[in-house]
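Structure data (PDB, C-alpha atoms) from query-v1.pdb:
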ATOM      1  CA  MET A   1       0.000   0.000   0.000
ATOM      2  CA  LYS A   2       1.557   3.300  -1.122
ATOM      3  CA  LEU A   3       1.571   6.385   1.076
ATOM      4  CA  THR A   4      -0.102   9.587  -0.096
ATOM      5  CA  ALA A   5       1.654  12.956  -0.420
ATOM      6  CA  GLU A   6      -0.068  13.993   2.859
ATOM      7  CA  ASN A   7       1.291  10.911   4.654
ATOM      8  CA  ILE A   8       4.795  11.723   3.401
ATOM      9  CA  GLN A   9       4.397  15.325   4.550
ATOM     10  CA  PHE A  10       3.262  14.058   7.961
ATOM     11  CA  ILE A  11       6.411  11.934   8.348
ATOM     12  CA  ASP A  12       8.589  14.805   7.143
ATOM     13  CA  ASN A  13       7.047  17.172   9.710
ATOM     14  CA  TYR A  14       7.459  14.556  12.427
ATOM     15  CA  LEU A  15      11.171  14.200  11.614
ATOM     16  CA  LYS A  16      11.592  17.980  11.441
ATOM     17  CA  ASN A  17       9.980  18.301  14.867
ATOM     18  CA  SER A  18      12.319  15.568  16.119
ATOM     19  CA  GLU A  19      15.223  17.865  15.174
ATOM     20  CA  VAL A  20      16.378  16.092  12.050
ATOM     21  CA  ILE A  21      17.479  19.450  10.682
ATOM     22  CA  TYR A  22      19.538  18.469   7.643
ATOM     23  CA  TYR A  23      17.495  18.052   4.491
ATOM     24  CA  ASP A  24      19.749  15.404   2.922
ATOM     25  CA  ILE A  25      19.717  13.246   6.080
ATOM     26  CA  ARG A  26      15.967  13.703   6.558
ATOM     27  CA  MET A  27      15.246  12.785   2.935
ATOM     28  CA  GLU A  28      16.874   9.377   3.371
ATOM     29  CA  MET A  29      15.353   8.800   6.798
ATOM     30  CA  LEU A  30      11.926   9.707   5.444
ATOM     31  CA  ASP A  31      12.164   7.118   2.678
ATOM     32  CA  HIS A  32      13.277   4.496   5.196
ATOM     33  CA  VAL A  33      10.379   5.178   7.578
ATOM     34  CA  ALA A  34       7.848   5.503   4.735
ATOM     35  CA  THR A  35       8.870   2.162   3.181
ATOM     36  CA  ALA A  36       8.750   0.429   6.561
ATOM     37  CA  VAL A  37       5.325   1.911   7.318
ATOM     38  CA  GLU A  38       3.993   0.857   3.901
ATOM     39  CA  GLN A  39       5.119  -2.710   4.530
ATOM     40  CA  LYS A  40       3.622  -2.686   8.014
ATOM     41  CA  MET A  41       0.292  -1.416   6.685
ATOM     42  CA  GLU A  42       0.223  -4.236   4.173
ATOM     43  CA  ALA A  43       1.495  -7.018   6.438
ATOM     44  CA  GLU A  44      -0.677  -6.165   9.434
ATOM     45  CA  ASN A  45      -3.597  -4.586   7.607
ATOM     46  CA  LEU A  46      -3.265  -1.302   9.481
ATOM     47  CA  GLY A  47      -4.134   2.303   8.628
ATOM     48  CA  PHE A  48      -1.329   4.842   8.144
ATOM     49  CA  TYR A  49      -1.413   6.430  11.613
ATOM     50  CA  ASP A  50      -1.554   3.103  13.459
ATOM     51  CA  ALA A  51       1.253   1.629  11.375
ATOM     52  CA  PHE A  52       3.359   4.780  11.784
ATOM     53  CA  LYS A  53       2.808   4.932  15.551
ATOM     54  CA  SER A  54       3.544   1.238  15.985
ATOM     55  CA  TYR A  55       6.736   1.485  13.878
ATOM     56  CA  MET A  56       8.052   4.580  15.633
ATOM     57  CA  VAL A  57       7.425   3.192  19.129
ATOM     58  CA  VAL A  58       9.867   0.376  18.382
ATOM     59  CA  ASN A  59      12.340   2.085  16.034
ATOM     60  CA  LYS A  60      12.460   5.780  16.930
ATOM     61  CA  LYS A  61      15.464   5.432  19.218
ATOM     62  CA  GLU A  62      17.518   3.649  16.562
ATOM     63  CA  ILE A  63      16.505   6.049  13.799
ATOM     64  CA  MET A  64      17.351   9.092  15.910
ATOM     65  CA  LYS A  65      20.732   7.585  16.706
ATOM     66  CA  GLU A  66      21.542   8.139  13.056
ATOM     67  CA  ASN A  67      20.658  11.822  13.424
ATOM     68  CA  LYS A  68      22.925  12.228  16.454
ATOM     69  CA  LEU A  69      25.827  10.773  14.503
ATOM     70  CA  TRP A  70      25.464  13.510  11.943
ATOM     71  CA  SER A  71      25.632  16.463  14.278
ATOM     72  CA  GLY A  72      28.909  18.328  14.281
ATOM     73  CA  TYR A  73      32.241  16.700  13.577
ATOM     74  CA  SER A  74      32.764  14.352  10.618
ATOM     75  CA  LYS A  75      35.846  12.131  10.630
ATOM     76  CA  GLU A  76      35.550  11.404   6.893
ATOM     77  CA  THR A  77      35.572  15.131   6.068
ATOM     78  CA  THR A  78      38.740  15.617   8.094
ATOM     79  CA  LEU A  79      40.406  12.649   6.381
ATOM     80  CA  ASN A  80      39.334  13.851   2.935
ATOM     81  CA  PHE A  81      40.673  17.312   3.735
ATOM     82  CA  LEU A  82      43.995  15.814   4.819
ATOM     83  CA  LYS A  83      44.160  13.922   1.517
ATOM     84  CA  PHE A  84      43.387  17.196  -0.278
ATOM     85  CA  LEU A  85      46.282  18.841   1.580
ATOM     86  CA  MET A  86      48.632  16.176   0.242
ATOM     87  CA  GLN A  87      47.852  16.820  -3.432
ATOM     88  CA  PRO A  88      50.953  17.957  -5.378
ATOM     89  CA  ILE A  89      49.428  21.329  -6.278
ATOM     90  CA  MET A  90      48.635  22.009  -2.626
ATOM     91  CA  ILE A  91      52.138  21.007  -1.540
ATOM     92  CA  LEU A  92      53.453  23.440  -4.155
ATOM     93  CA  ILE A  93      51.304  26.211  -2.680
ATOM     94  CA  GLY A  94      52.670  25.344   0.773
ATOM     95  CA  VAL A  95      56.277  25.457  -0.417
ATOM     96  CA  SER A  96      55.596  28.794  -2.160
ATOM     97  CA  PHE A  97      54.310  30.196   1.131
ATOM     98  CA  TYR A  98      57.500  29.089   2.832
ATOM     99  CA  PHE A  99      59.713  30.889   0.322
ATOM    100  CA  PHE A 100      57.455  33.914   0.489
ATOM    101  CA  TYR A 101      57.769  34.229   4.280
ATOM    102  CA  GLU A 102      61.469  33.362   4.098
ATOM    103  CA  ASN A 103      62.224  36.216   1.730
ATOM    104  CA  ILE A 104      59.752  38.878   2.787
ATOM    105  CA  GLN A 105      59.925  40.586   6.152
ATOM    106  CA  ILE A 106      56.216  40.250   6.689
ATOM    107  CA  THR A 107      56.082  42.321   9.909
ATOM    108  CA  ASN A 108      56.971  45.443   7.858
ATOM    109  CA  TYR A 109      53.537  45.289   6.308
ATOM    110  CA  PHE A 110      51.713  45.237   9.628
ATOM    111  CA  SER A 111      51.487  47.592  12.560
ATOM    112  CA  GLU A 112      51.167  47.043  16.290
ATOM    113  CA  SER A 113      47.459  47.698  16.117
ATOM    114  CA  PHE A 114      46.962  45.213  13.262
ATOM    115  CA  THR A 115      49.371  42.287  13.334
ATOM    116  CA  ILE A 116      49.596  39.258  11.080
ATOM    117  CA  ARG A 117      47.778  37.317  13.824
ATOM    118  CA  ASN A 118      44.868  39.717  13.400
ATOM    119  CA  LEU A 119      44.903  39.060   9.649
ATOM    120  CA  PHE A 120      44.552  35.308  10.192
ATOM    121  CA  PHE A 121      41.753  35.914  12.668
ATOM    122  CA  VAL A 122      39.901  38.243  10.272
ATOM    123  CA  PHE A 123      40.295  35.697   7.455
ATOM    124  CA  MET A 124      38.743  32.974   9.631
ATOM    125  CA  ILE A 125      35.876  35.223  10.696
ATOM    126  CA  ILE A 126      35.127  36.202   7.081
ATOM    127  CA  LEU A 127      35.119  32.519   6.051
ATOM    128  CA  ALA A 128      32.810  31.542   8.904
ATOM    129  CA  PHE A 129      30.498  34.490   8.244
ATOM    130  CA  PHE A 130      30.320  33.724   4.531
ATOM    131  CA  GLN A 131      29.444  30.085   5.294
ATOM    132  CA  LEU A 132      26.678  31.143   7.660
ATOM    133  CA  ILE A 133      25.148  33.448   5.054
ATOM    134  CA  TYR A 134      25.475  30.819   2.335
ATOM    135  CA  PHE A 135      23.961  28.000   4.415
ATOM    136  CA  HIS A 136      21.120  29.946   5.986
ATOM    137  CA  LEU A 137      20.197  32.720   3.568
ATOM    138  CA  ILE A 138      21.145  31.479   0.109
ATOM    139  CA  LEU A 139      20.471  27.732   0.313
ATOM    140  CA  LYS A 140      17.514  28.098   2.701
ATOM    141  CA  GLN A 141      17.581  24.337   3.360
ATOM    142  CA  ARG A 142      20.309  22.930   5.604
ATOM    143  CA  PHE A 143      22.477  20.208   4.045
ATOM    144  CA  PHE A 144      24.793  18.080   6.142
ATOM    145  CA  VAL A 145      26.974  17.374   3.129
ATOM    146  CA  LEU A 146      28.025  21.063   3.239
ATOM    147  CA  GLU A 147      27.653  22.025   6.889
ATOM    148  CA  LYS A 148      30.037  19.309   8.009
ATOM    149  CA  LEU A 149      32.722  21.592   6.569
ATOM    150  CA  GLY A 150      31.934  24.011   9.403
ATOM    151  CA  GLY A 151      33.275  21.463  11.915
ATOM    152  CA  LEU A 152      36.544  21.393  10.001
ATOM    153  CA  LEU A 153      36.757  25.173  10.058
ATOM    154  CA  ALA A 154      36.233  25.118  13.829
ATOM    155  CA  ILE A 155      39.174  22.705  14.253
ATOM    156  CA  ILE A 156      41.404  24.948  12.108
ATOM    157  CA  TYR A 157      40.276  27.971  14.115
ATOM    158  CA  TYR A 158      41.258  26.413  17.456
ATOM    159  CA  LEU A 159      44.584  25.145  16.089
ATOM    160  CA  GLN A 160      45.314  28.579  14.699
ATOM    161  CA  MET A 161      44.412  30.254  18.010
ATOM    162  CA  PHE A 162      46.713  27.880  19.848
ATOM    163  CA  PHE A 163      49.778  27.951  17.580
ATOM    164  CA  MET A 164      49.646  31.555  16.408
ATOM    165  CA  ASN A 165      49.238  32.996  19.886
ATOM    166  CA  GLN A 166      51.746  30.878  21.780
ATOM    167  CA  HIS A 167      54.219  33.755  22.283
ATOM    168  CA  GLU A 168      52.231  36.963  22.504
ATOM    169  CA  ASP A 169      55.221  39.285  22.144
ATOM    170  CA  GLU A 170      56.874  37.538  19.186
ATOM    171  CA  THR A 171      55.892  37.234  15.549
ATOM    172  CA  PRO A 172      54.954  33.613  14.787
ATOM    173  CA  SER A 173      57.757  31.591  13.188
ATOM    174  CA  ILE A 174      58.050  31.130   9.423
ATOM    175  CA  ILE A 175      56.987  27.492   9.806
ATOM    176  CA  THR A 176      53.843  28.466  11.754
ATOM    177  CA  LEU A 177      52.959  31.188   9.261
ATOM    178  CA  THR A 178      53.558  28.860   6.320
ATOM    179  CA  LEU A 179      51.537  26.055   7.871
ATOM    180  CA  PHE A 180      48.482  28.145   8.644
ATOM    181  CA  SER A 181      48.553  30.143   5.386
ATOM    182  CA  TYR A 182      48.697  26.788   3.602
ATOM    183  CA  ILE A 183      45.878  25.241   5.661
ATOM    184  CA  MET A 184      43.619  28.268   5.304
ATOM    185  CA  ILE A 185      44.069  28.620   1.558
ATOM    186  CA  ALA A 186      43.599  24.850   1.239
ATOM    187  CA  TYR A 187      40.386  25.081   3.284
ATOM    188  CA  LEU A 188      39.090  27.877   1.060
ATOM    189  CA  LEU A 189      39.828  25.839  -2.078
ATOM    190  CA  TYR A 190      38.370  22.691  -0.507
ATOM    191  CA  PHE A 191      35.201  24.583   0.433
ATOM    192  CA  ILE A 192      34.852  25.934  -3.137
ATOM    193  CA  LYS A 193      35.405  22.413  -4.511
ATOM    194  CA  GLU A 194      32.735  20.921  -2.216
ATOM    195  CA  VAL A 195      30.222  23.692  -3.018
ATOM    196  CA  TYR A 196      30.851  23.145  -6.724
ATOM    197  CA  LYS A 197      30.318  19.390  -6.290
ATOM    198  CA  PHE A 198      27.152  20.066  -4.309
ATOM    199  CA  LYS A 199      25.774  22.463  -6.924
ATOM    200  CA  THR A 200      26.494  19.944  -9.695
ATOM    201  CA  ASN A 201      24.610  17.231  -7.786
ATOM    202  CA  LYS A 202      21.972  19.505  -6.269
ATOM    203  CA  LYS A 203      19.175  18.142  -8.408
ATOM    204  CA  GLN A 204      19.673  14.940  -6.415
ATOM    205  CA  PHE A 205      18.427  16.646  -3.291
ATOM    206  CA  VAL A 206      15.474  18.598  -4.591
ATOM    207  CA  LEU A 207      12.021  17.184  -5.227
TER     208      LEU A 207
ATOM    209  CA  MET B   1      22.511  -6.066  15.024
ATOM    210  CA  LYS B   2      22.688  -9.548  16.512
ATOM    211  CA  ASN B   3      26.076 -10.388  18.086
ATOM    212  CA  SER B   4      27.108  -6.895  17.115
ATOM    213  CA  GLN B   5      30.737  -7.202  18.172
ATOM    214  CA  LEU B   6      31.284 -10.151  15.844
ATOM    215  CA  TYR B   7      29.396  -8.730  12.889
ATOM    216  CA  LYS B   8      30.415  -5.097  13.270
ATOM    217  CA  GLY B   9      33.745  -5.441  11.501
ATOM    218  CA  SER B  10      32.112  -7.142   8.520
ATOM    219  CA  LEU B  11      29.217  -4.740   8.000
ATOM    220  CA  ASN B  12      30.905  -2.807   5.180
ATOM    221  CA  THR B  13      31.854  -6.016   3.393
ATOM    222  CA  ILE B  14      28.285  -7.339   3.724
ATOM    223  CA  ILE B  15      26.931  -4.120   2.170
ATOM    224  CA  MET B  16      29.484  -4.181  -0.645
ATOM    225  CA  LYS B  17      28.827  -7.855  -1.381
ATOM    226  CA  LEU B  18      25.086  -7.192  -1.646
ATOM    227  CA  LEU B  19      25.637  -4.236  -3.948
ATOM    228  CA  GLU B  20      27.950  -6.319  -6.095
ATOM    229  CA  GLU B  21      25.162  -8.873  -6.533
ATOM    230  CA  GLN B  22      22.187  -6.543  -6.815
ATOM    231  CA  GLY B  23      23.678  -3.630  -8.752
ATOM    232  CA  ARG B  24      22.048  -0.845  -6.775
ATOM    233  CA  MET B  25      20.013  -0.795  -3.564
ATOM    234  CA  TYR B  26      18.481   1.687  -1.117
ATOM    235  CA  GLY B  27      18.906   1.616   2.651
ATOM    236  CA  TYR B  28      15.695  -0.132   3.690
ATOM    237  CA  GLU B  29      16.140  -2.691   0.924
ATOM    238  CA  ILE B  30      19.586  -3.603   2.270
ATOM    239  CA  THR B  31      18.244  -4.211   5.799
ATOM    240  CA  GLN B  32      15.457  -6.410   4.436
ATOM    241  CA  LYS B  33      17.716  -8.346   2.086
ATOM    242  CA  VAL B  34      20.146  -9.161   4.907
ATOM    243  CA  LYS B  35      17.248 -10.250   7.120
ATOM    244  CA  GLU B  36      15.884 -12.422   4.312
ATOM    245  CA  ILE B  37      19.214 -14.093   3.447
ATOM    246  CA  THR B  38      20.043 -14.833   7.083
ATOM    247  CA  LYS B  39      16.425 -15.888   7.821
ATOM    248  CA  GLY B  40      16.058 -13.122  10.401
ATOM    249  CA  GLU B  41      19.280 -13.990  12.228
ATOM    250  CA  LEU B  42      21.073 -10.794  11.275
ATOM    251  CA  ASN B  43      19.267  -7.512  11.700
ATOM    252  CA  ILE B  44      21.146  -4.425  10.533
ATOM    253  CA  THR B  45      19.869  -1.389  12.411
ATOM    254  CA  GLU B  46      19.399   2.041  10.834
ATOM    255  CA  GLY B  47      21.888   3.488  13.291
ATOM    256  CA  ALA B  48      24.595   1.164  11.949
ATOM    257  CA  LEU B  49      23.634   0.997   8.267
ATOM    258  CA  TYR B  50      23.466   4.648   7.215
ATOM    259  CA  PRO B  51      26.736   5.796   8.795
ATOM    260  CA  ALA B  52      28.408   2.796   7.092
ATOM    261  CA  LEU B  53      26.872   3.712   3.715
ATOM    262  CA  HIS B  54      27.880   7.368   4.065
ATOM    263  CA  LYS B  55      31.411   6.380   5.062
ATOM    264  CA  LEU B  56      31.765   4.116   2.016
ATOM    265  CA  GLU B  57      30.399   6.933  -0.142
ATOM    266  CA  ALA B  58      32.910   9.415   1.335
ATOM    267  CA  GLU B  59      35.709   6.933   0.635
ATOM    268  CA  GLY B  60      34.686   6.875  -3.019
ATOM    269  CA  LEU B  61      33.635   3.207  -2.905
ATOM    270  CA  LEU B  62      29.943   3.923  -3.453
ATOM    271  CA  ASP B  63      28.117   6.190  -5.842
ATOM    272  CA  VAL B  64      24.653   7.609  -5.311
ATOM    273  CA  GLU B  65      21.587   7.995  -7.524
ATOM    274  CA  VAL B  66      18.469   9.773  -6.280
ATOM    275  CA  GLU B  67      15.074   9.070  -7.803
ATOM    276  CA  LYS B  68      11.563  10.198  -7.064
ATOM    277  CA  VAL B  69       9.554   7.160  -5.962
ATOM    278  CA  ASP B  70       5.975   7.276  -4.598
ATOM    279  CA  ASN B  71       5.932  10.970  -3.563
ATOM    280  CA  ARG B  72       9.372  10.922  -2.013
ATOM    281  CA  LEU B  73      13.054  10.832  -2.908
ATOM    282  CA  ARG B  74      14.912   7.556  -2.759
ATOM    283  CA  LYS B  75      18.675   7.345  -2.537
ATOM    284  CA  TYR B  76      20.182   4.330  -4.300
ATOM    285  CA  TYR B  77      23.723   3.173  -3.673
ATOM    286  CA  LYS B  78      25.928   1.345  -6.161
ATOM    287  CA  LEU B  79      29.578   0.353  -6.264
ATOM    288  CA  THR B  80      32.063   2.583  -8.050
ATOM    289  CA  GLU B  81      34.871   1.056 -10.070
ATOM    290  CA  LYS B  82      37.153   1.469  -7.042
ATOM    291  CA  GLY B  83      34.403  -0.078  -4.895
ATOM    292  CA  THR B  84      34.139  -3.140  -7.132
ATOM    293  CA  THR B  85      37.876  -3.807  -6.844
ATOM    294  CA  GLU B  86      37.772  -3.171  -3.112
ATOM    295  CA  THR B  87      34.860  -5.627  -2.722
ATOM    296  CA  ILE B  88      36.963  -8.413  -4.213
ATOM    297  CA  ASN B  89      39.809  -7.609  -1.799
ATOM    298  CA  ARG B  90      37.561  -7.382   1.237
ATOM    299  CA  LEU B  91      35.735 -10.609   0.412
ATOM    300  CA  ALA B  92      39.054 -12.421   0.044
ATOM    301  CA  GLU B  93      40.125 -10.948   3.382
ATOM    302  CA  LEU B  94      36.856 -12.024   5.011
ATOM    303  CA  GLU B  95      37.130 -15.548   3.622
ATOM    304  CA  GLU B  96      40.661 -15.784   4.983
ATOM    305  CA  PHE B  97      39.393 -14.575   8.340
ATOM    306  CA  ILE B  98      36.590 -17.164   8.403
ATOM    307  CA  LYS B  99      39.079 -19.902   7.478
ATOM    308  CA  ASN B 100      41.420 -18.871  10.274
ATOM    309  CA  MET B 101      38.582 -18.655  12.775
ATOM    310  CA  GLN B 102      37.450 -22.131  11.763
ATOM    311  CA  THR B 103      40.955 -23.457  12.332
ATOM    312  CA  ILE B 104      40.968 -21.953  15.803
ATOM    313  CA  VAL B 105      37.396 -22.754  16.848
ATOM    314  CA  ASN B 106      37.076 -26.169  15.232
ATOM    315  CA  PRO B 107      40.503 -27.532  14.248
ATOM    316  CA  LYS B 108      39.191 -30.969  13.251
ATOM    317  CA  LEU B 109      36.787 -29.610  10.637
ATOM    318  CA  SER B 110      39.374 -27.458   8.988
ATOM    319  CA  TYR B 111      41.460 -30.424   7.845
TER     320      TYR B 111
END

Rewritten as structure tokens:
Amino acid sequence: MKLTAENIQFIDNYLKNSEVIYYDIRMEMLDHVATAVEQKMEAENLGFYDAFKSYMVVNKKEIMKENKLWSGYSKETTLNFLKFLMQPIMILIGVSFYFFYENIQITNYFSESFTIRNLFFVFMIILAFFQLIYFHLILKQRFFVLEKLGGLLAIIYYLQMFFMNQHEDETPSIITLTLFSYIMIAYLLYFIKEVYKFKTNKKQFVL
Amino acid sequence: MKNSQLYKGSLNTIIMKLLEEQGRMYGYEITQKVKEITKGELNITEGALYPALHKLEAEGLLDVEVEKVDNRLRKYYKLTEKGTTETINRLAELEEFIKNMQTIVNPKLSY
């Protein structure tokens, strides 16, 4: 027995109210629940609401476990980003940064009121702010496939705060500057790559 | 999942083996197929299945196709070329593991 559009909407609203916020995760969960409910209706000769209630009583905990796993940090994203960092072109960018900092007295271009540390901080804030606008105002729907990148940015932010500010009175070393310039540019490129991939496949996620 | 500690390490291989046989499958279908093959002995939970599928997808072993089916979207998974090769390796590894376990658990039968 196939579910009607209203039944599907009911399940979708139920999942939304159960804080399954990401559209791509909810879409898959919805199909899972809907298929299970359809089979239950047929096997036990039940109406939609009875079958749905009976299925959720038993399976809600397990289904919601899946949602919890998708909140925040994603190990695969971090690993994929690390692989991205190791690409020859990225290594070349990293090496170029090293020679740049080695040959240019970077502190000459900054003042006491705006140091290179401040520049890194501003860069991170702009990236985070842009992501927020893009996720919430442009896309309108929330997609885990993109927002998981935010967790990566948070890790980079904390690492940057820790390593760049270790010695308040000294300029960070060439290695530190190279490393974080490299990571931040790589993150920016990785983000653009993932958004491009998402936009190419977006029709997959829209009804 | 029944005897989760024993089956846990083989979940990805089970999924890949099924996809190798069936071509493409969606999440619920995989849970039902495993239940059917094992006559209800092995029950893959949603909480274990989807993270495993998404991990395999992130590793480039699975590809995804989304289709509109009965008023909703359905996400199908299929093996990529890399996934097909990896399935062969993992199945060989699993067979080796089973053979070794048999030797340990029941030495007489293994000869």

Suppose a student applies the PyMOL selection byres ((chain B and resi 32-43) around 12) to this structure; what residues should they get, written as a PDB file with C-alpha atoms, in the frame of the given file?
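To be explicit, this is the file written out as result-v4.pdb:
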ATOM      1  CA  HIS A  32      13.277   4.496   5.196  1.00  0.00           C
ATOM      2  CA  THR A  35       8.870   2.162   3.181  1.00  0.00           C
ATOM      3  CA  ALA A  36       8.750   0.429   6.561  1.00  0.00           C
ATOM      4  CA  GLN A  39       5.119  -2.710   4.530  1.00  0.00           C
TER       5      GLN A  39
ATOM      6  CA  MET B   1      22.511  -6.066  15.024  1.00  0.00           C
ATOM      7  CA  LYS B   2      22.688  -9.548  16.512  1.00  0.00           C
ATOM      8  CA  ASN B   3      26.076 -10.388  18.086  1.00  0.00           C
ATOM      9  CA  SER B   4      27.108  -6.895  17.115  1.00  0.00           C
ATOM     10  CA  LEU B   6      31.284 -10.151  15.844  1.00  0.00           C
ATOM     11  CA  TYR B   7      29.396  -8.730  12.889  1.00  0.00           C
ATOM     12  CA  LYS B   8      30.415  -5.097  13.270  1.00  0.00           C
ATOM     13  CA  SER B  10      32.112  -7.142   8.520  1.00  0.00           C
ATOM     14  CA  LEU B  11      29.217  -4.740   8.000  1.00  0.00           C
ATOM     15  CA  ILE B  14      28.285  -7.339   3.724  1.00  0.00           C
ATOM     16  CA  ILE B  15      26.931  -4.120   2.170  1.00  0.00           C
ATOM     17  CA  MET B  16      29.484  -4.181  -0.645  1.00  0.00           C
ATOM     18  CA  LYS B  17      28.827  -7.855  -1.381  1.00  0.00           C
ATOM     19  CA  LEU B  18      25.086  -7.192  -1.646  1.00  0.00           C
ATOM     20  CA  LEU B  19      25.637  -4.236  -3.948  1.00  0.00           C
ATOM     21  CA  GLU B  21      25.162  -8.873  -6.533  1.00  0.00           C
ATOM     22  CA  GLN B  22      22.187  -6.543  -6.815  1.00  0.00           C
ATOM     23  CA  MET B  25      20.013  -0.795  -3.564  1.00  0.00           C
ATOM     24  CA  TYR B  26      18.481   1.687  -1.117  1.00  0.00           C
ATOM     25  CA  GLY B  27      18.906   1.616   2.651  1.00  0.00           C
ATOM     26  CA  TYR B  28      15.695  -0.132   3.690  1.00  0.00           C
ATOM     27  CA  GLU B  29      16.140  -2.691   0.924  1.00  0.00           C
ATOM     28  CA  ILE B  30      19.586  -3.603   2.270  1.00  0.00           C
ATOM     29  CA  THR B  31      18.244  -4.211   5.799  1.00  0.00           C
ATOM     30  CA  ILE B  44      21.146  -4.425  10.533  1.00  0.00           C
ATOM     31  CA  THR B  45      19.869  -1.389  12.411  1.00  0.00           C
ATOM     32  CA  GLU B  46      19.399   2.041  10.834  1.00  0.00           C
ATOM     33  CA  GLY B  47      21.888   3.488  13.291  1.00  0.00           C
ATOM     34  CA  ALA B  48      24.595   1.164  11.949  1.00  0.00           C
ATOM     35  CA  LEU B  49      23.634   0.997   8.267  1.00  0.00           C
TER      36      LEU B  49
END

- Apply the ChimeraX specification (/B :<12) & /A to the file shown and report the selected residues as a VMD selection string. chain A and resid 1 to 9 11 to 12 23 to 39 58 to 70 74 to 81 83 144 to 145 201 to 207

- Message: What does the structure give for the distance between atom CA of Tyr14 of chain A and atom CA of Val57 of chain A, in Å to one decimal?
- Response: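 Atom-to-atom, atom CA of Tyr14 of chain A and atom CA of Val57 of chain A are spaced 13.2 Å apart.
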
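When only C-alpha atoms are used to measure the gap to Phe48 of chain A, the shortest distance among A:Phe10, A:Tyr187, A:Phe162, A:Tyr109 belongs to A:Phe10.
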
- Residue IDs satisfying the PyMOL selection byres ((chain A and resi 155-159) around 9), as a ChimeraX atom specification: /A:121,124,150-154,160-164,180,183-184,187

- Query: What is the distance, in Å and to one decimal place, between atom CA of Glu20 of chain B and atom CA of Ile88 of chain B?
  - Reply: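 A separation of 9.4 Å between them.
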
- Task: Go through A:Phe135, A:Tyr182, A:Phe198, A:Phe123 and flag the residue nearest Val95 of chain A, using all atoms listed in the file for the distances.
- Result: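 With all atoms listed in the file as the atom set, the closest residue is A:Tyr182.
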
- Query: At what distance in Å, to one decimal, does atom CA of Leu137 of chain A lie from atom CA of Phe84 of chain A?
  - Reply: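 Distance reported for this atom pair: 28.2 Å.
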
- Dig up all the protein and nucleic acid residues within 10 Å of (33.3, 2.8, -2.6) in the file frame, using all atoms listed in the file, and format them as a ChimeraX atom specification. /B:12,16,53-63,77-87

- Query: For Thr115 of chain A, which of A:Thr171, A:Thr178, A:Arg142, A:Lys199 is the closest residue, counting only C-alpha atoms?
  - Reply: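 Nearest candidate to Thr115 of chain A out of A:Thr171, A:Thr178, A:Arg142, A:Lys199: A:Thr171.
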